[in-house]
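Visitor: The structure file data_21.txt (compact mmCIF, C-alpha atoms) is provided below.
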# COMPACT_ATOMS: atom_id res chain seq x y z
CA MET F 1386 24.41 -12.26 13.36
CA LEU F 1387 24.53 -10.03 16.40
CA ALA F 1388 24.09 -6.26 15.90
CA ALA F 1389 23.70 -3.18 18.08
CA LEU F 1390 21.02 -0.58 17.36
CA VAL F 1391 21.31 3.20 17.53
CA ALA F 1392 18.10 5.00 16.55
CA ALA F 1393 17.02 8.62 16.15
CA ASN F 1394 13.59 10.06 15.36
CA LEU F 1395 12.54 13.62 14.61
CA SER F 1396 8.94 14.69 14.24
CA VAL F 1397 7.95 18.24 13.34
CA VAL F 1398 4.33 19.36 13.30
CA THR F 1399 3.36 22.80 12.05
CA TYR F 1400 -0.19 23.67 13.04
CA SER F 1401 -2.62 20.99 11.87
CA LYS F 1402 -1.74 21.13 8.16
CA THR F 1403 1.75 19.65 7.94
CA ASN F 1404 3.82 16.93 9.51
CA LEU F 1405 7.42 15.90 8.86
CA THR F 1406 8.88 12.72 10.34
CA ILE F 1407 12.49 11.63 9.89
CA SER F 1408 14.04 8.49 11.35
CA ALA F 1409 17.41 6.80 11.11
CA ASN F 1410 18.65 3.48 12.46
CA ALA F 1411 22.34 2.62 12.53
CA MET F 1412 23.30 -0.97 13.26
CA PRO F 1413 26.94 -2.00 13.53
CA ALA F 1414 27.31 -5.79 13.27
CA LEU F 1415 28.97 -6.98 16.47
CA SER F 1416 29.58 -10.52 15.20
CA ASP F 1417 31.02 -9.29 11.84
CA PRO F 1418 33.42 -6.40 12.58
CA GLY F 1419 33.40 -3.73 9.87
CA ARG F 1420 29.87 -4.51 8.65
CA PHE F 1421 27.38 -1.71 9.12
CA PHE F 1422 23.68 -1.28 8.33
CA LEU F 1423 21.88 2.06 7.97
CA ASN F 1424 18.13 2.58 7.42
CA THR F 1425 16.59 6.02 6.91
CA ASN F 1426 13.01 7.18 6.34
CA ALA F 1427 11.45 10.60 5.83
CA THR F 1428 7.73 11.30 5.45
CA TYR F 1429 6.07 14.63 4.71
CA TYR F 1430 2.29 15.06 5.12
CA LEU F 1431 0.35 18.10 3.92
CA LYS F 1432 -3.34 18.85 4.28
CA LEU F 1433 -4.11 20.64 1.01
CA TRP F 1434 -7.75 21.58 1.34
CA SER F 1435 -10.61 20.39 3.54
CA ASN F 1436 -10.32 16.57 3.42
CA LEU F 1437 -7.68 16.42 0.65
CA LYS F 1438 -4.24 15.26 1.82
CA PHE F 1439 -0.85 14.68 0.17
CA ASN F 1440 2.14 12.69 1.42
CA LEU F 1441 5.65 12.02 0.21
CA SER F 1442 7.90 9.31 1.66
CA LEU F 1443 11.59 8.70 1.03
CA TYR F 1444 13.66 5.74 2.22
CA GLY F 1445 17.23 4.54 2.00
CA ASN F 1446 19.06 1.43 3.18
CA LEU F 1447 22.77 0.63 3.24
CA ASP F 1448 24.72 -2.56 3.96
CA THR F 1449 28.51 -2.22 3.80
CA ARG F 1450 28.94 -5.97 3.13
CA PRO F 1451 25.92 -7.24 1.21
CA PRO F 1452 25.59 -10.89 0.12
CA ALA F 1453 27.52 -11.74 -3.06
CA GLY F 1454 25.92 -10.40 -6.21
CA LEU F 1455 23.59 -7.96 -4.44
CA SER F 1456 23.77 -4.18 -4.20
CA GLY F 1457 24.74 -2.65 -0.88
CA SER F 1458 22.18 0.14 -1.14
CA ASP F 1459 18.48 0.54 -1.81
CA TYR F 1460 16.53 3.76 -1.94
CA GLY F 1461 13.29 5.11 -3.31
CA PHE F 1462 10.22 7.20 -2.74
CA SER F 1463 6.45 7.04 -2.84
CA SER F 1464 3.74 9.65 -2.88
CA GLY F 1465 0.04 9.63 -2.27
CA LEU F 1466 -3.05 11.73 -2.53
CA GLY F 1467 -5.96 10.98 -0.25
CA TRP F 1468 -9.45 12.08 0.65
CA THR F 1469 -11.08 11.52 4.04
CA PHE F 1470 -14.81 10.79 3.97
CA GLY F 1471 -16.97 11.88 6.91
CA SER F 1472 -15.70 12.46 10.39
CA ARG F 1473 -15.84 10.42 13.54
CA GLN F 1474 -16.72 12.23 16.71
CA PRO F 1475 -15.36 10.83 19.98
CA GLN F 1476 -18.01 9.22 22.16
Rewrite the coordinates I just gave you, this time as structure tokens.
Guide:
Amino acid sequence: MLAALVAANLSVVTYSKTNLTISANAMPALSDPGRFFLNTNATYYLKLWSNLKFNLSLYGNLDTRPPAGLSGSDYGFSSGLGWTFGSRQPQ
């Protein structure tokens, strides 16, 4: 299959405590007219306190003509809580 790719990315940083990244990829299938793929991702990062960090990620995928018996969309999210130990100083 031959497809074209159109991509967009947005990254927003507010001070050193938060970060928001959003990306989207649109891919029209050139060898299968009318078929279209879309992938999206969004990630939010937040420094809560000292070395404690939180993140939330969302994703979504779309295929306008999926293989027989399969759904044309998939989406979900994940979250995480992390702690950074020590610090590395540049040499």
Visitor: Please measure the separation of CA of Asn1410 in chain F and CA of Phe1422 in chain F, giving the value in Å to one decimal.
Guide: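 So the two atoms, CA of Asn1410 in chain F and CA of Phe1422 in chain F, lie 8.1 Å apart.
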Visitor: Within 7 Å of Ala1411 in chain F, counting only C-alpha atoms, which residues show up once you throw out same-chain ones fewer than 5 positions away? Write them as an MDAnalysis selection string, please.
Guide: chainID F and resid 1390:1392 1422:1424
Visitor: Interatomic distance between CA of Leu1437 in chain F and CA of Thr1406 in chain F?
Guide: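 If I compute the distance from CA of Leu1437 in chain F to CA of Thr1406 in chain F, I get 19.5 Å.
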Visitor: Quick one: residues within 12 Å of Leu1447 in chain F, all atoms listed in the file counted, chain neighbours fewer than 3 positions away excluded, as a PDB file with C-alpha atoms, in the coordinates of the input?
Guide:
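After the write, out.pdb holds the following:
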ATOM      1  CA  ALA F1409      17.410   6.800  11.110  1.00  0.00           C
ATOM      2  CA  ASN F1410      18.650   3.480  12.460  1.00  0.00           C
ATOM      3  CA  ALA F1411      22.340   2.620  12.530  1.00  0.00           C
ATOM      4  CA  MET F1412      23.300  -0.970  13.260  1.00  0.00           C
ATOM      5  CA  PRO F1413      26.940  -2.000  13.530  1.00  0.00           C
ATOM      6  CA  ARG F1420      29.870  -4.510   8.650  1.00  0.00           C
ATOM      7  CA  PHE F1421      27.380  -1.710   9.120  1.00  0.00           C
ATOM      8  CA  PHE F1422      23.680  -1.280   8.330  1.00  0.00           C
ATOM      9  CA  LEU F1423      21.880   2.060   7.970  1.00  0.00           C
ATOM     10  CA  ASN F1424      18.130   2.580   7.420  1.00  0.00           C
ATOM     11  CA  THR F1425      16.590   6.020   6.910  1.00  0.00           C
ATOM     12  CA  TYR F1444      13.660   5.740   2.220  1.00  0.00           C
ATOM     13  CA  ARG F1450      28.940  -5.970   3.130  1.00  0.00           C
ATOM     14  CA  PRO F1451      25.920  -7.240   1.210  1.00  0.00           C
ATOM     15  CA  LEU F1455      23.590  -7.960  -4.440  1.00  0.00           C
ATOM     16  CA  SER F1456      23.770  -4.180  -4.200  1.00  0.00           C
ATOM     17  CA  GLY F1457      24.740  -2.650  -0.880  1.00  0.00           C
ATOM     18  CA  SER F1458      22.180   0.140  -1.140  1.00  0.00           C
ATOM     19  CA  ASP F1459      18.480   0.540  -1.810  1.00  0.00           C
ATOM     20  CA  TYR F1460      16.530   3.760  -1.940  1.00  0.00           C
TER      21      TYR F1460
END
Visitor: What's the separation between CA of Thr1469 in chain F and CA of Lys1402 in chain F, in Å to one decimal place?
Guide: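 Straight-line distance from CA of Thr1469 in chain F to CA of Lys1402 in chain F works out to 14.0 Å.
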Visitor: Taking only C-alpha atoms into account, which of F:Ser1408, F:Thr1449, F:Ser1463, F:Thr1399 comes nearest Lys1432 in chain F?
Guide: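 Once distances to Lys1432 in chain F are computed over only C-alpha atoms, the minimum belongs to F:Thr1399.
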